[in-house]
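Visitor: Provided herewith: protein_23.cif, mmCIF, C-alpha atoms.
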```cif
data_data
loop_
_atom_site.group_PDB
_atom_site.id
_atom_site.type_symbol
_atom_site.label_atom_id
_atom_site.label_comp_id
_atom_site.auth_asym_id
_atom_site.auth_seq_id
_atom_site.Cartn_x
_atom_site.Cartn_y
_atom_site.Cartn_z
ATOM 1 C CA MET A 1 -50.424 -34.454 45.188
ATOM 2 C CA LYS A 2 -50.178 -30.690 45.738
ATOM 3 C CA VAL A 3 -46.994 -31.208 47.718
ATOM 4 C CA ILE A 4 -45.442 -33.150 44.810
ATOM 5 C CA GLU A 5 -46.553 -30.500 42.275
ATOM 6 C CA LEU A 6 -45.262 -27.715 44.497
ATOM 7 C CA SER A 7 -41.969 -29.591 44.999
ATOM 8 C CA CYS A 8 -41.618 -30.070 41.215
ATOM 9 C CA VAL A 9 -42.301 -26.360 40.566
ATOM 10 C CA LEU A 10 -39.765 -25.332 43.223
ATOM 11 C CA LEU A 11 -37.202 -27.788 41.845
ATOM 12 C CA LEU A 12 -37.787 -26.492 38.305
ATOM 13 C CA ALA A 13 -37.486 -22.868 39.494
ATOM 14 C CA LEU A 14 -34.266 -23.718 41.326
ATOM 15 C CA ILE A 15 -32.793 -25.321 38.175
ATOM 16 C CA VAL A 16 -33.854 -22.383 35.956
ATOM 17 C CA PHE A 17 -32.515 -19.690 38.271
ATOM 18 C CA THR A 18 -29.201 -21.397 38.966
ATOM 19 C CA GLY A 19 -28.751 -22.164 35.249
ATOM 20 C CA CYS A 20 -29.198 -18.481 34.369
ATOM 21 C CA GLN A 21 -26.386 -17.139 36.498
ATOM 22 C CA ALA A 22 -23.725 -15.113 34.723
ATOM 23 C CA ASP A 23 -21.046 -17.270 33.161
ATOM 24 C CA GLU A 24 -17.582 -16.837 34.518
ATOM 25 C CA ASP A 25 -15.090 -16.408 31.745
ATOM 26 C CA ASP A 26 -11.905 -18.216 32.698
ATOM 27 C CA VAL A 27 -10.539 -17.811 29.154
ATOM 28 C CA PRO A 28 -8.632 -14.545 28.796
ATOM 29 C CA THR A 29 -9.619 -12.271 25.945
ATOM 30 C CA PRO A 30 -6.885 -12.390 23.296
ATOM 31 C CA GLN A 31 -5.025 -9.119 22.949
ATOM 32 C CA MET A 32 -4.187 -7.848 19.469
ATOM 33 C CA GLU A 33 -0.489 -7.297 19.079
ATOM 34 C CA GLU A 34 0.293 -3.801 17.954
ATOM 35 C CA GLU A 35 2.628 -3.598 15.002
ATOM 36 C CA GLU A 36 5.959 -2.033 15.765
ATOM 37 C CA PRO A 37 6.448 1.099 13.686
ATOM 38 C CA LEU A 38 9.024 0.908 10.921
ATOM 39 C CA GLU A 39 12.443 2.149 11.848
ATOM 40 C CA PHE A 40 13.365 4.765 9.293
ATOM 41 C CA ASP A 41 16.970 5.143 8.197
ATOM 42 C CA PRO A 42 18.094 8.725 8.907
ATOM 43 C CA ALA A 43 20.675 8.400 6.102
ATOM 44 C CA LEU A 44 17.957 7.597 3.530
ATOM 45 C CA ALA A 45 16.685 10.807 1.916
ATOM 46 C CA ASN A 46 13.219 11.214 0.388
ATOM 47 C CA GLU A 47 14.425 12.016 -3.117
ATOM 48 C CA PHE A 48 15.204 10.689 -6.553
ATOM 49 C CA THR A 49 17.959 11.460 -9.046
ATOM 50 C CA TYR A 50 17.430 11.451 -12.812
ATOM 51 C CA GLN A 51 19.718 12.880 -15.505
ATOM 52 C CA GLY A 52 21.908 14.582 -12.916
ATOM 53 C CA THR A 53 19.033 16.347 -11.150
ATOM 54 C CA THR A 54 17.903 15.433 -7.646
ATOM 55 C CA GLN A 55 14.356 16.193 -6.540
ATOM 56 C CA ALA A 56 12.712 15.836 -3.129
ATOM 57 C CA LEU A 57 9.832 13.381 -2.775
ATOM 58 C CA THR A 58 7.014 14.676 -0.571
ATOM 59 C CA ASP A 59 4.323 11.968 -0.585
ATOM 60 C CA ALA A 60 3.618 8.287 -1.198
ATOM 61 C CA ILE A 61 0.040 7.649 -2.308
ATOM 62 C CA LEU A 62 -1.535 4.251 -2.940
ATOM 63 C CA ILE A 63 -4.614 3.900 -5.113
ATOM 64 C CA GLY A 64 -6.455 0.643 -5.779
ATOM 65 C CA ASP A 65 -9.631 -1.204 -4.930
ATOM 66 C CA GLY A 66 -8.213 -4.587 -3.935
ATOM 67 C CA GLU A 67 -10.164 -6.378 -6.680
ATOM 68 C CA ARG A 68 -8.578 -9.427 -8.292
ATOM 69 C CA ASN A 69 -7.927 -9.474 -12.021
ATOM 70 C CA THR A 70 -8.885 -12.552 -14.011
ATOM 71 C CA ASP A 71 -5.400 -14.021 -13.463
ATOM 72 C CA GLY A 72 -5.602 -13.694 -9.670
ATOM 73 C CA ARG A 73 -3.292 -10.724 -9.198
ATOM 74 C CA ILE A 74 -4.282 -7.409 -7.669
ATOM 75 C CA SER A 75 -2.932 -4.175 -9.175
ATOM 76 C CA TRP A 76 -2.065 -1.131 -7.077
ATOM 77 C CA GLN A 77 -0.872 2.292 -8.219
ATOM 78 C CA LEU A 78 1.879 3.764 -6.055
ATOM 79 C CA TYR A 79 2.569 7.456 -6.668
ATOM 80 C CA LEU A 80 5.764 8.997 -5.312
ATOM 81 C CA THR A 81 5.284 12.741 -5.743
ATOM 82 C CA THR A 82 7.284 15.954 -5.594
ATOM 83 C CA ASP A 83 6.272 19.385 -4.382
ATOM 84 C CA GLY A 84 3.829 21.199 -6.680
ATOM 85 C CA LEU A 85 1.330 18.365 -6.898
ATOM 86 C CA ILE A 86 -1.764 18.653 -4.758
ATOM 87 C CA GLU A 87 -3.754 15.626 -3.642
ATOM 88 C CA ASP A 88 -7.290 16.041 -2.350
ATOM 89 C CA ASP A 89 -9.069 12.796 -1.397
ATOM 90 C CA GLY A 90 -7.399 10.862 -4.210
ATOM 91 C CA THR A 91 -7.776 13.603 -6.831
ATOM 92 C CA PHE A 92 -4.581 15.225 -8.074
ATOM 93 C CA SER A 93 -3.970 18.716 -9.432
ATOM 94 C CA GLY A 94 -1.032 21.044 -9.976
ATOM 95 C CA THR A 95 2.233 20.677 -11.862
ATOM 96 C CA GLY A 96 5.235 18.655 -10.777
ATOM 97 C CA ASP A 97 7.076 15.372 -11.084
ATOM 98 C CA PHE A 98 5.908 11.983 -9.928
ATOM 99 C CA LEU A 99 6.854 8.378 -10.277
ATOM 100 C CA LEU A 100 3.910 6.064 -11.018
ATOM 101 C CA LEU A 101 4.518 2.396 -10.204
ATOM 102 C CA GLU A 102 1.848 -0.091 -11.309
ATOM 103 C CA LEU A 103 2.496 -2.885 -8.783
ATOM 104 C CA ASN A 104 0.992 -6.380 -8.783
ATOM 105 C CA THR A 105 0.352 -8.364 -5.599
ATOM 106 C CA GLY A 106 -1.964 -11.101 -4.415
ATOM 107 C CA ASN A 107 -2.978 -9.063 -1.367
ATOM 108 C CA PRO A 108 -6.420 -7.384 -1.397
ATOM 109 C CA ASP A 109 -5.373 -5.152 1.529
ATOM 110 C CA GLY A 110 -2.506 -3.374 -0.220
ATOM 111 C CA LEU A 111 1.163 -3.711 -0.955
ATOM 112 C CA VAL A 112 3.367 -6.375 0.590
ATOM 113 C CA SER A 113 6.999 -6.063 1.617
ATOM 114 C CA SER A 114 9.097 -7.458 -1.211
ATOM 115 C CA THR A 115 11.305 -6.624 -4.175
ATOM 116 C CA TYR A 116 9.271 -5.957 -7.325
ATOM 117 C CA VAL A 117 10.825 -6.403 -10.776
ATOM 118 C CA LEU A 118 9.624 -5.493 -14.252
ATOM 119 C CA ASN A 119 7.741 -8.248 -16.002
ATOM 120 C CA GLY A 120 6.124 -7.954 -19.422
ATOM 121 C CA ILE A 121 3.574 -10.501 -18.229
ATOM 122 C CA ALA A 122 1.878 -9.062 -15.166
ATOM 123 C CA GLN A 123 2.518 -11.455 -12.302
ATOM 124 C CA GLN A 124 2.429 -11.099 -8.549
ATOM 125 C CA LEU A 125 5.261 -9.063 -7.020
ATOM 126 C CA THR A 126 6.107 -7.348 -10.304
ATOM 127 C CA TYR A 127 5.556 -3.906 -11.747
ATOM 128 C CA ASN A 128 3.989 -3.279 -15.135
ATOM 129 C CA SER A 129 5.688 -1.729 -18.162
ATOM 130 C CA THR A 130 3.221 1.180 -17.832
ATOM 131 C CA SER A 131 5.187 2.374 -14.783
ATOM 132 C CA SER A 132 6.674 5.759 -15.663
ATOM 133 C CA LEU A 133 8.286 8.999 -14.583
ATOM 134 C CA TYR A 134 6.088 12.039 -15.213
ATOM 135 C CA SER A 135 8.228 15.196 -15.462
ATOM 136 C CA ASP A 136 6.943 18.770 -15.210
ATOM 137 C CA PHE A 137 3.497 17.267 -15.657
ATOM 138 C CA ASN A 138 0.424 19.512 -15.491
ATOM 139 C CA LEU A 139 -2.428 17.358 -14.262
ATOM 140 C CA SER A 140 -5.158 19.779 -15.354
ATOM 141 C CA GLU A 141 -3.954 19.987 -18.960
ATOM 142 C CA LEU A 142 -2.283 16.539 -19.067
ATOM 143 C CA THR A 143 0.889 18.041 -20.507
ATOM 144 C CA GLY A 144 4.500 17.305 -19.685
ATOM 145 C CA SER A 145 6.974 14.525 -20.275
ATOM 146 C CA VAL A 146 6.302 10.817 -19.661
ATOM 147 C CA THR A 147 9.217 8.358 -19.707
ATOM 148 C CA ASN A 148 8.603 4.627 -19.266
ATOM 149 C CA ILE A 149 10.623 2.485 -16.913
ATOM 150 C CA ARG A 150 12.520 -0.083 -18.968
ATOM 151 C CA ASN A 151 14.336 -2.094 -16.312
ATOM 152 C CA GLY A 152 15.221 -2.231 -12.612
ATOM 153 C CA GLU A 153 13.586 -2.951 -9.296
ATOM 154 C CA VAL A 154 11.864 -1.397 -6.307
ATOM 155 C CA THR A 155 12.129 -2.838 -2.803
ATOM 156 C CA LEU A 156 9.225 -2.063 -0.488
ATOM 157 C CA THR A 157 8.946 -2.464 3.246
ATOM 158 C CA VAL A 158 5.338 -1.873 4.272
ATOM 159 C CA GLN A 159 3.833 -1.913 7.738
ATOM 160 C CA GLY A 160 0.398 -0.452 8.329
ATOM 161 C CA ASP A 161 0.406 3.060 6.910
ATOM 162 C CA GLN A 162 4.208 3.320 6.769
ATOM 163 C CA ILE A 163 6.422 2.545 3.800
ATOM 164 C CA ILE A 164 10.060 2.450 2.825
ATOM 165 C CA ALA A 165 10.609 2.352 -0.944
ATOM 166 C CA GLU A 166 14.094 2.070 -2.451
ATOM 167 C CA PHE A 167 14.368 1.985 -6.233
ATOM 168 C CA ASP A 168 16.859 1.739 -9.074
ATOM 169 C CA PHE A 169 15.450 1.923 -12.607
ATOM 170 C CA ASP A 170 16.567 2.438 -16.177
ATOM 171 C CA LEU A 171 14.251 4.725 -18.107
ATOM 172 C CA ALA A 172 13.729 4.503 -21.834
ATOM 173 C CA ILE A 173 14.888 7.611 -23.670
ATOM 174 C CA PRO A 174 12.428 8.861 -26.306
ATOM 175 C CA ASN A 175 15.224 9.361 -28.896
ATOM 176 C CA LEU A 176 16.075 6.071 -30.575
ATOM 177 C CA GLY A 177 19.635 4.936 -30.199
ATOM 178 C CA GLN A 178 20.118 6.671 -26.854
ATOM 179 C CA PRO A 179 21.229 4.544 -23.881
ATOM 180 C CA ALA A 180 18.850 4.100 -20.991
ATOM 181 C CA SER A 181 19.038 6.771 -18.321
ATOM 182 C CA PRO A 182 19.185 5.686 -14.652
ATOM 183 C CA LEU A 183 16.711 6.859 -12.030
ATOM 184 C CA SER A 184 17.360 6.005 -8.404
ATOM 185 C CA GLY A 185 16.066 7.105 -5.047
ATOM 186 C CA ALA A 186 14.051 6.350 -1.962
ATOM 187 C CA TYR A 187 11.050 7.392 0.069
ATOM 188 C CA GLN A 188 10.238 6.618 3.697
ATOM 189 C CA GLY A 189 7.218 7.866 5.565
ATOM 190 C CA THR A 190 3.449 7.695 5.640
ATOM 191 C CA LEU A 191 1.595 5.863 2.891
ATOM 192 C CA LYS A 192 -1.696 7.591 2.067
ATOM 193 C CA ARG A 193 -4.384 5.221 0.747
ATOM 194 C CA PHE A 194 -7.341 5.934 -1.504
#
```
Take the structure in this file and express it as structure tokens.
Guide:
Amino acid sequence: MKVIELSCVLLLALIVFTGCQADEDDVPTPQMEEEEPLEFDPALANEFTYQGTTQALTDAILIGDGERNTDGRISWQLYLTTDGLIEDDGTFSGTGDFLLLELNTGNPDGLVSSTYVLNGIAQQLTYNSTSSLYSDFNLSELTGSVTNIRNGEVTLTVQGDQIIAEFDFDLAIPNLGQPASPLSGAYQGTLKRF
């Protein structure tokens, strides 16, 4: 009887120890594909032109929390700024010009590559009528000129933290009876996110 018990214990020990050997992984670990960086167009200048004046754009800053609105869209604020404005961890100061685009997507991670058009009813892949050009705007005193975008489109190519934005807009002129004034330009470079 002891021989049978001893044989059973040895057999059980043999099964336990051979069952606990390290597993061999024949399945290769999937490798994440790295995104290719955007190819910037050397002929495309970081600037905009409005009322005959051309200004250099220095930064593209994206602000938003990725939360869905009740209609399912997600709103993001894209700021294209000129020199004179200072950004510190999402807080702005200084005086300068900037283009504020209120963009709507369905993506909680940020902007998507597409052409965005003005839509009075906020829908995905549109920009809101609150999108505006802020001219000679002092962010501490909230003084300067604000002109709403009345028509046009912006085409975005976004990959990781890089963006190419090309835009053509008509801006509403504060004086009634005046024709719309065109604003056009582009920015390509790093997209800062807050």
Visitor: Grab the atom CA of Ala43 of chain A to atom CA of Ala165 of chain A distance for me, in Å with one decimal place.
Guide: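 So the two atoms, atom CA of Ala43 of chain A and atom CA of Ala165 of chain A, lie 13.7 Å apart.
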Visitor: Can you spell out as a PyMOL selection string the set of residues that the PyMOL selection byres ((chain A and resi 68) around 12) selects in the structure I just provided?
Guide: chain A and resi 64-67+69-76+104-110+123-124
Visitor: Suppose you want the space between atom CA of Ser145 of chain A and atom CA of Gln188 of chain A; what is it in Å?
Guide: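 These two atoms are separated by 25.5 Å.
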Visitor: Give me the residues within 8 Å of Thr190 of chain A as a PDB file with C-alpha atoms, in the coordinates of the input, counting only C-alpha atoms and dropping any in the same chain fewer than 3 places off.
Guide:
```
ATOM      1  CA  ASP A  59       4.323  11.968  -0.585  1.00  0.00           C
ATOM      2  CA  ALA A  60       3.618   8.287  -1.198  1.00  0.00           C
ATOM      3  CA  ASP A 161       0.406   3.060   6.910  1.00  0.00           C
ATOM      4  CA  GLN A 162       4.208   3.320   6.769  1.00  0.00           C
ATOM      5  CA  ILE A 163       6.422   2.545   3.800  1.00  0.00           C
TER       6      ILE A 163
END
```
Visitor: Report the distance between atom CA of Ile63 of chain A and atom CA of Ile173 of chain A in Å, rounded to one decimal place.
Guide: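 Interatomic distance here is 27.2 Å.
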Visitor: The residues within 7 Å of (7.1, -5.4, -2.5), using only C-alpha atoms and the coordinates of the file, should be reported as a list in words; which are they?
Guide: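 It turns out the residues near that spot are Leu111, Val112, Ser113, Ser114, Thr115, Tyr116, Leu125, Thr155, Leu156 and Thr157 of chain A.
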Visitor: Which residue gives the smallest distance to Thr143 of chain A among A:Thr130, A:Glu166, A:Gly96, A:Gly185, with only C-alpha atoms counted?
Guide: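 Checking each of A:Thr130, A:Glu166, A:Gly96, A:Gly185 against Thr143 of chain A, counting only C-alpha atoms, the winner is A:Gly96.
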Visitor: Take the PyMOL selection byres ((chain A and resi 148) around 7), apply it to the structure above, and return the hits as an MDAnalysis selection string.
Guide: chainID A and resid 130:133 146:147 149:150 171:172
Visitor: Running the PyMOL selection byres ((chain A and resi 48) around 8) on this model by hand, what would come out? Give it as a compact mmCIF listing (two decimals) with C-alpha atoms, keeping the file's coordinate frame.
Guide:
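Just written: selection.txt:
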```txt
# COMPACT_ATOMS: atom_id res chain seq x y z
CA ASN A 46 13.22 11.21 0.39
CA GLU A 47 14.42 12.02 -3.12
CA THR A 49 17.96 11.46 -9.05
CA TYR A 50 17.43 11.45 -12.81
CA THR A 54 17.90 15.43 -7.65
CA GLN A 55 14.36 16.19 -6.54
CA ALA A 56 12.71 15.84 -3.13
CA LEU A 57 9.83 13.38 -2.78
CA LEU A 183 16.71 6.86 -12.03
CA SER A 184 17.36 6.00 -8.40
CA GLY A 185 16.07 7.10 -5.05
CA ALA A 186 14.05 6.35 -1.96
```
Visitor: Using all atoms listed in the file, which of the listed residues (A:Gln178, A:Thr53, A:Asn128, A:Thr58) sits closest to Tyr79 of chain A?
Guide: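 Closest to Tyr79 of chain A of all the choices is A:Thr58.
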Visitor: Ranking A:Asn151, A:Gly90, A:Leu103, A:Phe194 by minimum distance to Leu78 of chain A and counting only C-alpha atoms, which one comes first?
Guide: A:Leu103
Visitor: Can you put all heavy atoms back into segment 144-155 of chain A and show it as a PDB file, in the frame of the given file?
Guide:
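So rebuild.pdb came out as:
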```pdb
ATOM      1  N   GLY A 144       3.227  17.539 -20.341  1.00  0.00           N
ATOM      2  CA  GLY A 144       4.500  17.305 -19.685  1.00  0.00           C
ATOM      3  C   GLY A 144       5.178  16.124 -20.343  1.00  0.00           C
ATOM      4  O   GLY A 144       4.758  15.652 -21.401  1.00  0.00           O
ATOM      5  N   SER A 145       6.198  15.625 -19.721  1.00  0.00           N
ATOM      6  CA  SER A 145       6.974  14.525 -20.275  1.00  0.00           C
ATOM      7  C   SER A 145       6.672  13.234 -19.517  1.00  0.00           C
ATOM      8  O   SER A 145       6.591  13.240 -18.288  1.00  0.00           O
ATOM      9  CB  SER A 145       8.461  14.874 -20.164  1.00  0.00           C
ATOM     10  OG  SER A 145       9.255  13.782 -20.539  1.00  0.00           O
ATOM     11  N   VAL A 146       6.519  12.136 -20.259  1.00  0.00           N
ATOM     12  CA  VAL A 146       6.302  10.817 -19.661  1.00  0.00           C
ATOM     13  C   VAL A 146       7.376   9.876 -20.211  1.00  0.00           C
ATOM     14  O   VAL A 146       7.507   9.724 -21.418  1.00  0.00           O
ATOM     15  CB  VAL A 146       4.901  10.251 -19.995  1.00  0.00           C
ATOM     16  CG1 VAL A 146       4.714   8.883 -19.352  1.00  0.00           C
ATOM     17  CG2 VAL A 146       3.809  11.216 -19.566  1.00  0.00           C
ATOM     18  N   THR A 147       8.154   9.271 -19.313  1.00  0.00           N
ATOM     19  CA  THR A 147       9.217   8.358 -19.707  1.00  0.00           C
ATOM     20  C   THR A 147       8.990   7.018 -19.017  1.00  0.00           C
ATOM     21  O   THR A 147       8.902   6.956 -17.785  1.00  0.00           O
ATOM     22  CB  THR A 147      10.605   8.927 -19.308  1.00  0.00           C
ATOM     23  OG1 THR A 147      10.717  10.263 -19.789  1.00  0.00           O
ATOM     24  CG2 THR A 147      11.713   8.084 -19.882  1.00  0.00           C
ATOM     25  N   ASN A 148       8.883   5.958 -19.819  1.00  0.00           N
ATOM     26  CA  ASN A 148       8.603   4.627 -19.266  1.00  0.00           C
ATOM     27  C   ASN A 148       9.828   4.017 -18.607  1.00  0.00           C
ATOM     28  O   ASN A 148      10.958   4.227 -19.048  1.00  0.00           O
ATOM     29  CB  ASN A 148       8.127   3.679 -20.373  1.00  0.00           C
ATOM     30  CG  ASN A 148       6.731   4.001 -20.829  1.00  0.00           C
ATOM     31  OD1 ASN A 148       6.066   4.863 -20.279  1.00  0.00           O
ATOM     32  ND2 ASN A 148       6.286   3.318 -21.852  1.00  0.00           N
ATOM     33  N   ILE A 149       9.568   3.262 -17.567  1.00  0.00           N
ATOM     34  CA  ILE A 149      10.623   2.485 -16.913  1.00  0.00           C
ATOM     35  C   ILE A 149      10.887   1.255 -17.773  1.00  0.00           C
ATOM     36  O   ILE A 149       9.967   0.550 -18.171  1.00  0.00           O
ATOM     37  CB  ILE A 149      10.199   2.082 -15.487  1.00  0.00           C
ATOM     38  CG1 ILE A 149      10.041   3.343 -14.629  1.00  0.00           C
ATOM     39  CG2 ILE A 149      11.206   1.118 -14.880  1.00  0.00           C
ATOM     40  CD1 ILE A 149       9.452   3.082 -13.268  1.00  0.00           C
ATOM     41  N   ARG A 150      12.164   1.021 -18.081  1.00  0.00           N
ATOM     42  CA  ARG A 150      12.520  -0.083 -18.968  1.00  0.00           C
ATOM     43  C   ARG A 150      13.097  -1.275 -18.214  1.00  0.00           C
ATOM     44  O   ARG A 150      13.022  -2.412 -18.672  1.00  0.00           O
ATOM     45  CB  ARG A 150      13.520   0.440 -20.002  1.00  0.00           C
ATOM     46  CG  ARG A 150      13.845  -0.541 -21.076  1.00  0.00           C
ATOM     47  CD  ARG A 150      14.506   0.122 -22.224  1.00  0.00           C
ATOM     48  NE  ARG A 150      15.935   0.290 -21.970  1.00  0.00           N
ATOM     49  CZ  ARG A 150      16.755   0.859 -22.815  1.00  0.00           C
ATOM     50  NH1 ARG A 150      16.308   1.340 -23.951  1.00  0.00           N
ATOM     51  NH2 ARG A 150      18.031   0.973 -22.529  1.00  0.00           N
ATOM     52  N   ASN A 151      13.675  -1.019 -17.044  1.00  0.00           N
ATOM     53  CA  ASN A 151      14.336  -2.094 -16.312  1.00  0.00           C
ATOM     54  C   ASN A 151      14.564  -1.634 -14.875  1.00  0.00           C
ATOM     55  O   ASN A 151      14.471  -0.457 -14.579  1.00  0.00           O
ATOM     56  CB  ASN A 151      15.674  -2.429 -16.979  1.00  0.00           C
ATOM     57  CG  ASN A 151      16.248  -3.746 -16.510  1.00  0.00           C
ATOM     58  OD1 ASN A 151      15.576  -4.526 -15.853  1.00  0.00           O
ATOM     59  ND2 ASN A 151      17.495  -3.993 -16.844  1.00  0.00           N
ATOM     60  N   GLY A 152      14.872  -2.577 -13.984  1.00  0.00           N
ATOM     61  CA  GLY A 152      15.221  -2.231 -12.612  1.00  0.00           C
ATOM     62  C   GLY A 152      14.310  -2.885 -11.604  1.00  0.00           C
ATOM     63  O   GLY A 152      13.565  -3.815 -11.917  1.00  0.00           O
ATOM     64  N   GLU A 153      14.382  -2.367 -10.370  1.00  0.00           N
ATOM     65  CA  GLU A 153      13.586  -2.951  -9.296  1.00  0.00           C
ATOM     66  C   GLU A 153      13.279  -1.911  -8.233  1.00  0.00           C
ATOM     67  O   GLU A 153      13.967  -0.894  -8.113  1.00  0.00           O
ATOM     68  CB  GLU A 153      14.292  -4.151  -8.680  1.00  0.00           C
ATOM     69  CG  GLU A 153      15.590  -3.814  -7.966  1.00  0.00           C
ATOM     70  CD  GLU A 153      16.295  -5.043  -7.438  1.00  0.00           C
ATOM     71  OE1 GLU A 153      16.198  -6.123  -8.047  1.00  0.00           O
ATOM     72  OE2 GLU A 153      16.972  -4.911  -6.397  1.00  0.00           O
ATOM     73  N   VAL A 154      12.216  -2.204  -7.467  1.00  0.00           N
ATOM     74  CA  VAL A 154      11.864  -1.397  -6.307  1.00  0.00           C
ATOM     75  C   VAL A 154      11.671  -2.357  -5.136  1.00  0.00           C
ATOM     76  O   VAL A 154      11.013  -3.393  -5.275  1.00  0.00           O
ATOM     77  CB  VAL A 154      10.600  -0.531  -6.538  1.00  0.00           C
ATOM     78  CG1 VAL A 154       9.393  -1.368  -6.940  1.00  0.00           C
ATOM     79  CG2 VAL A 154      10.281   0.310  -5.304  1.00  0.00           C
ATOM     80  N   THR A 155      12.283  -2.030  -4.011  1.00  0.00           N
ATOM     81  CA  THR A 155      12.129  -2.838  -2.803  1.00  0.00           C
ATOM     82  C   THR A 155      11.265  -2.057  -1.825  1.00  0.00           C
ATOM     83  O   THR A 155      11.562  -0.911  -1.499  1.00  0.00           O
ATOM     84  CB  THR A 155      13.499  -3.155  -2.180  1.00  0.00           C
ATOM     85  OG1 THR A 155      14.271  -3.878  -3.135  1.00  0.00           O
ATOM     86  CG2 THR A 155      13.341  -3.984  -0.918  1.00  0.00           C
TER      87      THR A 155
END
```
